[in-house]
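So this one's protein19.json, JSON, C-alpha atoms:
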```
[["chain", "number", "residue", "atom", "x", "y", "z"],
["A", 211, "MET", "CA", -3.61, -3.20, -2.45],
["A", 212, "ALA", "CA", -5.84, -6.07, -1.37],
["A", 213, "ALA", "CA", -5.36, -9.56, -2.75],
["A", 214, "PRO", "CA", -7.74, -10.04, -5.70],
["A", 215, "THR", "CA", -10.33, -12.76, -5.78],
["A", 216, "LYS", "CA", -9.72, -15.99, -7.69],
["A", 217, "SER", "CA", -12.29, -15.04, -10.34],
["A", 218, "GLN", "CA", -10.59, -11.69, -10.88],
["A", 219, "LEU", "CA", -7.24, -13.40, -11.46],
["A", 220, "LEU", "CA", -8.32, -16.47, -13.43],
["A", 221, "GLY", "CA", -11.40, -15.15, -15.18],
["A", 222, "ASP", "CA", -15.03, -15.75, -14.22],
["A", 223, "PRO", "CA", -16.40, -18.71, -16.22],
["A", 224, "GLN", "CA", -19.84, -17.08, -16.08],
["A", 225, "SER", "CA", -18.65, -13.88, -17.71],
["A", 226, "ASN", "CA", -17.25, -12.94, -21.08],
["A", 227, "GLN", "CA", -14.03, -11.61, -19.59],
["A", 228, "SER", "CA", -10.86, -13.34, -20.69],
["A", 229, "THR", "CA", -8.28, -14.71, -18.30],
["A", 230, "PRO", "CA", -5.63, -12.08, -17.47],
["A", 231, "SER", "CA", -2.23, -12.75, -18.96],
["A", 232, "ILE", "CA", 1.15, -12.59, -17.26],
["A", 233, "SER", "CA", 3.07, -10.00, -19.19],
["A", 234, "ARG", "CA", 6.67, -11.12, -18.91],
["A", 235, "ALA", "CA", 7.41, -14.69, -17.88],
["A", 236, "THR", "CA", 5.36, -17.65, -16.73],
["A", 237, "THR", "CA", 6.18, -20.40, -14.28],
["A", 238, "PRO", "CA", 7.55, -23.58, -15.88],
["A", 239, "LEU", "CA", 5.18, -26.56, -15.93],
["A", 240, "ASN", "CA", 7.57, -28.98, -14.18],
["A", 241, "ASN", "CA", 7.63, -27.02, -10.96],
["A", 242, "SER", "CA", 6.40, -29.46, -8.31],
["A", 243, "SER", "CA", 8.25, -32.10, -6.31],
["A", 244, "ARG", "CA", 7.19, -35.74, -6.33],
["A", 245, "PRO", "CA", 5.24, -37.59, -4.98],
["A", 246, "THR", "CA", 2.11, -35.44, -5.09],
["A", 247, "HIS", "CA", -0.25, -37.75, -3.16],
["A", 248, "ASP", "CA", -0.12, -39.70, 0.08],
["A", 249, "SER", "CA", -0.49, -43.47, 0.49],
["A", 250, "SER", "CA", -4.29, -43.12, 0.56],
["A", 251, "GLY", "CA", -4.35, -41.17, -2.70],
["A", 252, "HIS", "CA", -5.03, -37.80, -1.09],
["A", 253, "LEU", "CA", -3.21, -34.72, -2.35],
["A", 254, "LEU", "CA", -0.32, -33.79, -0.09],
["A", 255, "PRO", "CA", -0.38, -30.28, 1.41],
["A", 256, "ALA", "CA", 1.81, -27.88, -0.55],
["A", 257, "ILE", "CA", 4.48, -25.31, 0.23],
["A", 258, "LEU", "CA", 4.79, -22.45, -2.25],
["A", 259, "CYS", "CA", 8.50, -21.81, -2.91],
["A", 260, "LEU", "CA", 9.81, -18.36, -3.88],
["A", 261, "HIS", "CA", 13.33, -18.05, -5.29],
["A", 262, "GLY", "CA", 15.76, -15.22, -4.67],
["A", 263, "GLY", "CA", 16.18, -12.09, -6.78],
["A", 264, "GLY", "CA", 18.13, -12.72, -9.98],
["A", 265, "SER", "CA", 17.37, -16.45, -9.80],
["A", 266, "ASN", "CA", 14.56, -18.70, -11.02],
["A", 267, "ALA", "CA", 12.39, -21.66, -10.08],
["A", 268, "THR", "CA", 14.80, -24.23, -11.50],
["A", 269, "VAL", "CA", 17.70, -22.90, -9.45],
["A", 270, "PHE", "CA", 15.67, -22.79, -6.25],
["A", 271, "LYS", "CA", 14.46, -26.34, -6.77],
["A", 272, "ILE", "CA", 18.09, -27.47, -7.05],
["A", 273, "GLN", "CA", 19.06, -25.42, -3.98],
["A", 274, "SER", "CA", 16.17, -26.93, -1.98],
["A", 275, "ARG", "CA", 16.88, -30.55, -2.89],
["A", 276, "ARG", "CA", 17.94, -31.54, 0.63],
["A", 277, "LEU", "CA", 14.67, -30.25, 2.06],
["A", 278, "ILE", "CA", 12.72, -32.08, -0.64],
["A", 279, "TRP", "CA", 14.58, -35.34, 0.05],
["A", 280, "ASN", "CA", 13.60, -35.15, 3.71],
["A", 281, "LEU", "CA", 10.04, -33.83, 3.41],
["A", 282, "GLN", "CA", 8.73, -35.06, 0.06],
["A", 283, "GLY", "CA", 6.54, -37.60, 1.85],
["A", 284, "GLN", "CA", 4.95, -34.80, 3.86],
["A", 285, "PHE", "CA", 4.61, -31.86, 1.45],
["A", 286, "ARG", "CA", 4.56, -30.98, -2.20],
["A", 287, "PHE", "CA", 7.15, -28.29, -2.90],
["A", 288, "VAL", "CA", 5.81, -26.11, -5.71],
["A", 289, "PHE", "CA", 8.26, -23.62, -7.20],
["A", 290, "ALA", "CA", 6.88, -20.37, -8.58],
["A", 291, "GLN", "CA", 8.91, -18.19, -10.91],
["A", 292, "ALA", "CA", 8.97, -14.41, -10.85],
["A", 293, "SER", "CA", 8.00, -12.54, -14.01],
["A", 294, "ILE", "CA", 10.55, -9.70, -14.07],
["A", 295, "GLU", "CA", 13.66, -10.68, -16.01],
["A", 296, "GLY", "CA", 16.89, -9.26, -14.66],
["A", 297, "THR", "CA", 20.59, -9.76, -14.12],
["A", 298, "PRO", "CA", 22.01, -12.80, -12.29],
["A", 299, "GLY", "CA", 21.77, -12.51, -8.53],
["A", 300, "PHE", "CA", 24.29, -13.27, -5.79],
["A", 301, "GLY", "CA", 25.93, -16.67, -6.27],
["A", 302, "MET", "CA", 24.31, -17.44, -9.64],
["A", 303, "LEU", "CA", 27.50, -17.27, -11.67],
["A", 304, "PRO", "CA", 29.25, -19.35, -12.73],
["A", 305, "VAL", "CA", 27.48, -22.31, -11.08],
["A", 306, "PHE", "CA", 24.00, -21.68, -12.49],
["A", 307, "ALA", "CA", 24.92, -19.90, -15.73],
["A", 308, "SER", "CA", 23.23, -22.63, -17.78],
["A", 309, "CYS", "CA", 19.94, -22.01, -15.92],
["A", 310, "ALA", "CA", 19.50, -18.49, -17.33],
["A", 311, "PRO", "CA", 17.41, -16.37, -17.74],
["A", 312, "PHE", "CA", 17.00, -15.04, -14.20],
["A", 313, "TYR", "CA", 14.07, -13.22, -12.63],
["A", 314, "ARG", "CA", 13.10, -10.88, -9.79],
["A", 315, "TRP", "CA", 9.89, -10.54, -7.79],
["A", 316, "VAL", "CA", 9.95, -6.72, -7.72],
["A", 317, "GLU", "CA", 11.77, -4.16, -9.85],
["A", 318, "ARG", "CA", 13.18, -2.08, -7.01],
["A", 319, "ARG", "CA", 16.54, -3.02, -5.55],
["A", 320, "PHE", "CA", 16.04, -2.26, -1.89],
["A", 321, "LYS", "CA", 18.92, -1.29, 0.37],
["A", 322, "MET", "CA", 18.79, -2.19, 4.05],
["A", 323, "GLY", "CA", 18.15, 0.79, 6.26],
["A", 324, "GLU", "CA", 16.29, 2.86, 3.64],
["A", 325, "SER", "CA", 12.92, 2.56, 5.39],
["A", 326, "GLU", "CA", 10.81, 0.35, 7.62],
["A", 327, "VAL", "CA", 8.34, -0.47, 4.83],
["A", 328, "GLU", "CA", 9.23, -1.42, 1.27],
["A", 329, "GLU", "CA", 6.30, -0.34, -0.89],
["A", 330, "THR", "CA", 5.53, -2.11, -4.15],
["A", 331, "PRO", "CA", 3.74, -0.51, -7.14],
["A", 332, "GLU", "CA", 0.20, -1.76, -7.60],
["A", 333, "ASP", "CA", 0.84, -3.07, -11.11],
["A", 334, "GLU", "CA", 3.67, -5.23, -9.79],
["A", 335, "ILE", "CA", 1.46, -6.52, -6.97],
["A", 336, "ARG", "CA", -1.26, -7.36, -9.49],
["A", 337, "GLY", "CA", 1.19, -9.25, -11.71],
["A", 338, "LEU", "CA", 2.64, -11.03, -8.68],
["A", 339, "ASP", "CA", -0.80, -12.22, -7.57],
["A", 340, "GLU", "CA", -1.71, -13.39, -11.08],
["A", 341, "ASN", "CA", 1.49, -15.40, -11.15],
["A", 342, "LEU", "CA", 1.20, -17.00, -7.70],
["A", 343, "VAL", "CA", -2.50, -17.78, -7.86],
["A", 344, "ARG", "CA", -2.12, -19.31, -11.30],
["A", 345, "VAL", "CA", 0.68, -21.67, -10.23],
["A", 346, "MET", "CA", -1.25, -22.69, -7.12],
["A", 347, "GLU", "CA", -4.42, -23.35, -9.11],
["A", 348, "GLU", "CA", -2.42, -25.45, -11.58],
["A", 349, "ASN", "CA", -0.97, -27.48, -8.70],
["A", 350, "GLY", "CA", -3.89, -28.59, -6.56],
["A", 351, "GLY", "CA", -5.64, -25.29, -5.87],
["A", 352, "VAL", "CA", -4.93, -22.33, -3.58],
["A", 353, "LYS", "CA", -6.50, -23.99, -0.54],
["A", 354, "SER", "CA", -4.04, -26.90, -0.72],
["A", 355, "PHE", "CA", -1.11, -24.53, -0.04],
["A", 356, "VAL", "CA", -0.44, -24.53, 3.69],
["A", 357, "GLY", "CA", 2.97, -22.86, 3.75],
["A", 358, "VAL", "CA", 5.18, -20.44, 1.86],
["A", 359, "MET", "CA", 8.99, -20.62, 1.74],
["A", 360, "GLY", "CA", 11.44, -18.13, 0.31],
["A", 361, "PHE", "CA", 15.15, -17.48, -0.04],
["A", 362, "SER", "CA", 16.76, -14.01, -0.14],
["A", 363, "GLN", "CA", 14.35, -11.69, -1.98],
["A", 364, "GLY", "CA", 11.79, -14.48, -1.91],
["A", 365, "ALA", "CA", 12.23, -14.70, 1.86],
["A", 366, "ARG", "CA", 11.32, -11.01, 2.12],
["A", 367, "LEU", "CA", 8.20, -11.64, 0.07],
["A", 368, "VAL", "CA", 7.09, -14.41, 2.46],
["A", 369, "PRO", "CA", 6.28, -12.07, 5.39],
["A", 370, "GLY", "CA", 4.71, -9.62, 2.94],
["A", 371, "LEU", "CA", 2.24, -12.28, 1.84],
["A", 372, "LEU", "CA", 1.63, -13.49, 5.39],
["A", 373, "LEU", "CA", 1.09, -9.94, 6.62],
["A", 374, "ARG", "CA", -1.43, -9.10, 3.91],
["A", 375, "GLN", "CA", -3.28, -12.33, 4.63],
["A", 376, "ARG", "CA", -3.53, -11.43, 8.31],
["A", 377, "ILE", "CA", -4.62, -7.84, 7.52],
["A", 378, "GLU", "CA", -7.33, -9.13, 5.20],
["A", 379, "GLU", "CA", -8.47, -11.71, 7.73],
["A", 380, "ARG", "CA", -8.72, -8.89, 10.24],
["A", 381, "ASP", "CA", -10.32, -6.21, 8.06],
["A", 382, "LYS", "CA", -11.91, -7.79, 5.00],
["A", 383, "LEU", "CA", -15.25, -9.58, 4.91],
["A", 384, "GLY", "CA", -14.56, -13.07, 3.66],
["A", 385, "GLY", "CA", -10.89, -13.03, 4.59],
["A", 386, "SER", "CA", -8.05, -13.67, 2.16],
["A", 387, "ILE", "CA", -7.70, -15.87, -0.92],
["A", 388, "TYR", "CA", -4.41, -17.10, 0.58],
["A", 389, "LYS", "CA", -4.61, -19.72, 3.35],
["A", 390, "PHE", "CA", -1.00, -20.08, 4.50],
["A", 391, "LYS", "CA", -0.57, -21.54, 7.97],
["A", 392, "PHE", "CA", 3.18, -20.92, 8.31],
["A", 393, "GLY", "CA", 6.14, -19.28, 6.60],
["A", 394, "ILE", "CA", 9.81, -20.16, 6.07],
["A", 395, "MET", "CA", 12.41, -17.43, 5.52],
["A", 396, "ILE", "CA", 15.99, -18.33, 4.60],
["A", 397, "GLY", "CA", 18.59, -15.60, 4.14],
["A", 398, "GLY", "CA", 15.96, -12.87, 3.96],
["A", 399, "PRO", "CA", 16.73, -9.44, 5.43],
["A", 400, "TYR", "CA", 14.28, -6.93, 6.92],
["A", 401, "PRO", "CA", 11.92, -5.33, 5.98],
["A", 402, "PRO", "CA", 9.19, -7.44, 4.35],
["A", 403, "ILE", "CA", 8.24, -6.63, 0.76],
["A", 404, "ALA", "CA", 4.83, -4.98, 1.14],
["A", 405, "VAL", "CA", 2.06, -6.34, -1.08],
["A", 406, "HIS", "CA", -0.67, -4.28, 0.58],
["A", 407, "SER", "CA", -1.11, -0.56, -0.07],
["A", 408, "ARG", "CA", -1.83, 0.31, 3.56],
["A", 409, "VAL", "CA", 0.93, -1.53, 5.43],
["A", 410, "LYS", "CA", 2.22, 0.26, 8.52],
["A", 411, "VAL", "CA", 5.09, -0.70, 10.79],
["A", 412, "GLU", "CA", 2.56, -1.30, 13.57],
["A", 413, "ASP", "CA", 0.98, -4.00, 11.39],
["A", 414, "TYR", "CA", 4.13, -6.09, 11.72],
["A", 415, "GLU", "CA", 2.77, -7.21, 15.09],
["A", 416, "LEU", "CA", 0.40, -9.44, 13.11],
["A", 417, "LEU", "CA", 3.39, -11.46, 11.89],
["A", 418, "LYS", "CA", 3.87, -12.65, 15.44],
["A", 419, "THR", "CA", 0.59, -14.54, 15.17],
["A", 420, "VAL", "CA", 1.87, -16.77, 12.33],
["A", 421, "PRO", "CA", 4.25, -19.70, 12.93],
["A", 422, "THR", "CA", 7.50, -18.88, 11.13],
["A", 423, "VAL", "CA", 10.92, -20.44, 10.54],
["A", 424, "HIS", "CA", 14.03, -18.29, 10.09],
["A", 425, "ALA", "CA", 17.41, -19.58, 8.96],
["A", 426, "TRP", "CA", 20.62, -17.94, 7.83],
["A", 427, "GLY", "CA", 24.28, -18.70, 7.24],
["A", 428, "ARG", "CA", 26.64, -17.61, 10.00],
["A", 429, "ASP", "CA", 28.72, -15.74, 7.42],
["A", 430, "ASP", "CA", 25.81, -14.33, 5.43],
["A", 431, "HIS", "CA", 26.50, -10.73, 4.43],
["A", 432, "VAL", "CA", 22.87, -9.83, 5.29],
["A", 433, "ILE", "CA", 22.80, -11.68, 8.62],
["A", 434, "GLU", "CA", 21.88, -8.59, 10.65],
["A", 435, "GLY", "CA", 18.90, -7.99, 8.40],
["A", 436, "CYS", "CA", 17.89, -11.63, 8.75],
["A", 437, "LYS", "CA", 17.96, -11.34, 12.52],
["A", 438, "ARG", "CA", 15.88, -8.19, 12.39],
["A", 439, "LEU", "CA", 13.27, -9.88, 10.22],
["A", 440, "ARG", "CA", 13.13, -12.69, 12.76],
["A", 441, "GLU", "CA", 12.60, -10.13, 15.52],
["A", 442, "ALA", "CA", 9.66, -8.69, 13.59],
["A", 443, "CYS", "CA", 8.07, -12.16, 13.60],
["A", 444, "ASP", "CA", 9.15, -13.09, 17.13],
["A", 445, "GLY", "CA", 5.97, -14.56, 18.59],
["A", 446, "ASP", "CA", 5.35, -17.72, 20.58],
["A", 447, "GLU", "CA", 5.83, -19.93, 17.52],
["A", 448, "CYS", "CA", 8.90, -18.41, 15.89],
["A", 449, "PHE", "CA", 11.69, -20.90, 15.18],
["A", 450, "GLN", "CA", 15.25, -20.07, 14.14],
["A", 451, "MET", "CA", 18.59, -21.65, 13.30],
["A", 452, "ALA", "CA", 21.99, -20.69, 11.93],
["A", 453, "PHE", "CA", 24.00, -22.93, 9.63],
["A", 454, "GLU", "CA", 27.53, -23.03, 8.31],
["A", 455, "GLY", "CA", 28.31, -20.78, 5.37],
["A", 456, "GLY", "CA", 27.08, -17.59, 3.77],
["A", 457, "HIS", "CA", 24.18, -16.45, 1.61],
["A", 458, "HIS", "CA", 22.84, -19.81, 0.46],
["A", 459, "MET", "CA", 20.62, -22.70, 1.51],
["A", 460, "PRO", "CA", 21.97, -25.24, 4.03],
["A", 461, "LEU", "CA", 24.60, -27.40, 2.33],
["A", 462, "LYS", "CA", 25.12, -30.08, 4.96],
["A", 463, "ASP", "CA", 22.67, -32.95, 5.31],
["A", 464, "ASP", "CA", 22.45, -32.67, 9.08],
["A", 465, "GLU", "CA", 21.75, -28.93, 8.91],
["A", 466, "ALA", "CA", 19.09, -29.52, 6.26],
["A", 467, "ARG", "CA", 17.46, -32.08, 8.56],
["A", 468, "ASP", "CA", 17.53, -29.56, 11.41],
["A", 469, "LEU", "CA", 15.76, -27.06, 9.18],
["A", 470, "CYS", "CA", 13.20, -29.72, 8.22],
["A", 471, "ASP", "CA", 12.52, -30.35, 11.92],
["A", 472, "LEU", "CA", 11.74, -26.64, 12.35],
["A", 473, "ILE", "CA", 9.49, -26.67, 9.29],
["A", 474, "MET", "CA", 7.55, -29.56, 10.81],
["A", 475, "ALA", "CA", 7.36, -27.71, 14.13],
["A", 476, "ALA", "CA", 5.85, -24.69, 12.35],
["A", 477, "TRP", "CA", 3.43, -26.98, 10.49],
["A", 478, "TYR", "CA", 2.21, -28.49, 13.75],
["A", 479, "ALA", "CA", 2.03, -25.06, 15.38],
["A", 480, "GLY", "CA", -0.18, -23.91, 12.51],
["A", 481, "GLY", "CA", -2.61, -26.76, 13.05],
["A", 482, "GLY", "CA", -1.01, -29.46, 10.89],
["A", 483, "LYS", "CA", -1.69, -33.05, 11.79],
["A", 484, "PHE", "CA", 0.12, -36.35, 11.59],
["A", 485, "GLY", "CA", -0.40, -38.42, 8.47],
["A", 486, "VAL", "CA", 1.23, -41.02, 6.27],
["A", 487, "GLY", "CA", 3.15, -40.03, 3.17],
["A", 488, "ALA", "CA", 3.36, -41.93, -0.11],
["A", 489, "ASN", "CA", 6.51, -43.64, 1.13],
["A", 490, "ASN", "CA", 4.65, -44.74, 4.29],
["A", 491, "GLU", "CA", 6.57, -42.35, 6.54],
["A", 492, "ASN", "CA", 4.68, -40.78, 9.41],
["A", 493, "TYR", "CA", 4.52, -37.03, 9.64]]
```

For the file at hand, write its structure as C-alpha cells.
Amino acid sequence: MAAPTKSQLLGDPQSNQSTPSISRATTPLNNSSRPTHDSSGHLLPAILCLHGGGSNATVFKIQSRRLIWNLQGQFRFVFAQASIEGTPGFGMLPVFASCAPFYRWVERRFKMGESEVEETPEDEIRGLDENLVRVMEENGGVKSFVGVMGFSQGARLVPGLLLRQRIEERDKLGGSIYKFKFGIMIGGPYPPIAVHSRVKVEDYELLKTVPTVHAWGRDDHVIEGCKRLREACDGDECFQMAFEGGHHMPLKDDEARDLCDLIMAAWYAGGGKFGVGANNENY
C-alpha cells in the first residue's frame, strides 16, 4: 500500500469530505520536547519518535530523556502514540504501571524467523498513516520531520517507513509524503514491519541508501535480530553501537552521549547542516 497524500489523510479543504478519524486512540497533545525553535526563531527540525509494542508515547518520552537533554537544542523530539490498545510490553511493569493504557503499532505479534517480510493489513497501514501524518502536521508539518526514531517494535517500523519512502521516490511520480533523511533503531529486531503492499526482500537494498543508526544492549534478548536488521541497512552511512544492559534505552549518560554523536553523524550524512540552537549551542 502506497503512502496516502496529505489531503487524503487530513481532508481536502476544497471538498466536502470530512477529515478521517482515528478509530482507537489518538496521540496526546503534549508530545513534543522543548524548545521548539532555534535562537533565530526558526522551527527546529524534528525527529518522529515511535515507542515499543505494549508501551506509549509518555513512556518513550521518559525513556528518551537522556537523548532529549543532549539534543534538544538541535531537534524537536515528537512522540507519536500507536492506536491499538494492548497488554503491557516487555519491561513496562511494574515501573510504568501508572502510565497505562499501552498501545501497539500493529496487531500481529511477530516471531523472529517466521519470514523475511512482515506484511501488515491495509486497514492497519491506513490507520497508521492517519496517526503519524496527523501528529506531524500538528507539530510543524510533515516536511519539518527529518528523522524517525524507534525502540523495539517502533524500531522495526522505522525501516518499514524508510523503505516505503525510498520505493515511492523510485517508482511514484511526485515521490513520498514522508521526507525522512535518516533513521534511528534501538533494540529493534529484523525484519522491518512492511507498510507497503509490494515489499520484497530485494527491496531491502534501498535501506542501504539511507543513513541509519543502530543500537542495542549487550544483553538484549533480541540482539541477534538487532544485528540482522543492521546488516539489512549496512550501507556507507550505517552507524552502530552496543551499550550496557538489556532490552531498553541507554541508561548511562556517557552511552547516551555516544548515541547522540551517532545521531548527529547520521543527520550530517543525510544532508543536515550546522546551526545554532535556542540555547546557543552549535550543531

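The residue that comes closest to Gly264 (chain A), out of A:Val409, A:Ile278, A:Val305, A:Val316 and on the basis of only C-alpha atoms, is A:Val316.
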
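Considering all atoms listed in the file, the residue among A:Ala290, A:Leu383, A:Thr330, A:Gly364 positioned nearest to Met346 (chain A) is A:Ala290.
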
(request) Would you mind reading off the distance between CA of Arg380 (chain A) and CA of Leu416 (chain A), one decimal, in Å? (result) 9.6 Å

(message) So that I can check the surroundings of Leu372 (chain A), please list as a PyMOL selection string every protein, DNA and RNA residue that reaches within 8 Å of it, counting only C-alpha atoms and ignoring chain neighbours fewer than 4 positions away.
(response) chain A and resi 368+376+390+393+417+420

(request) In Å, rounded to a single decimal, give me how far CA of Tyr313 (chain A) is from CA of Gly296 (chain A). (result) 5.3 Å
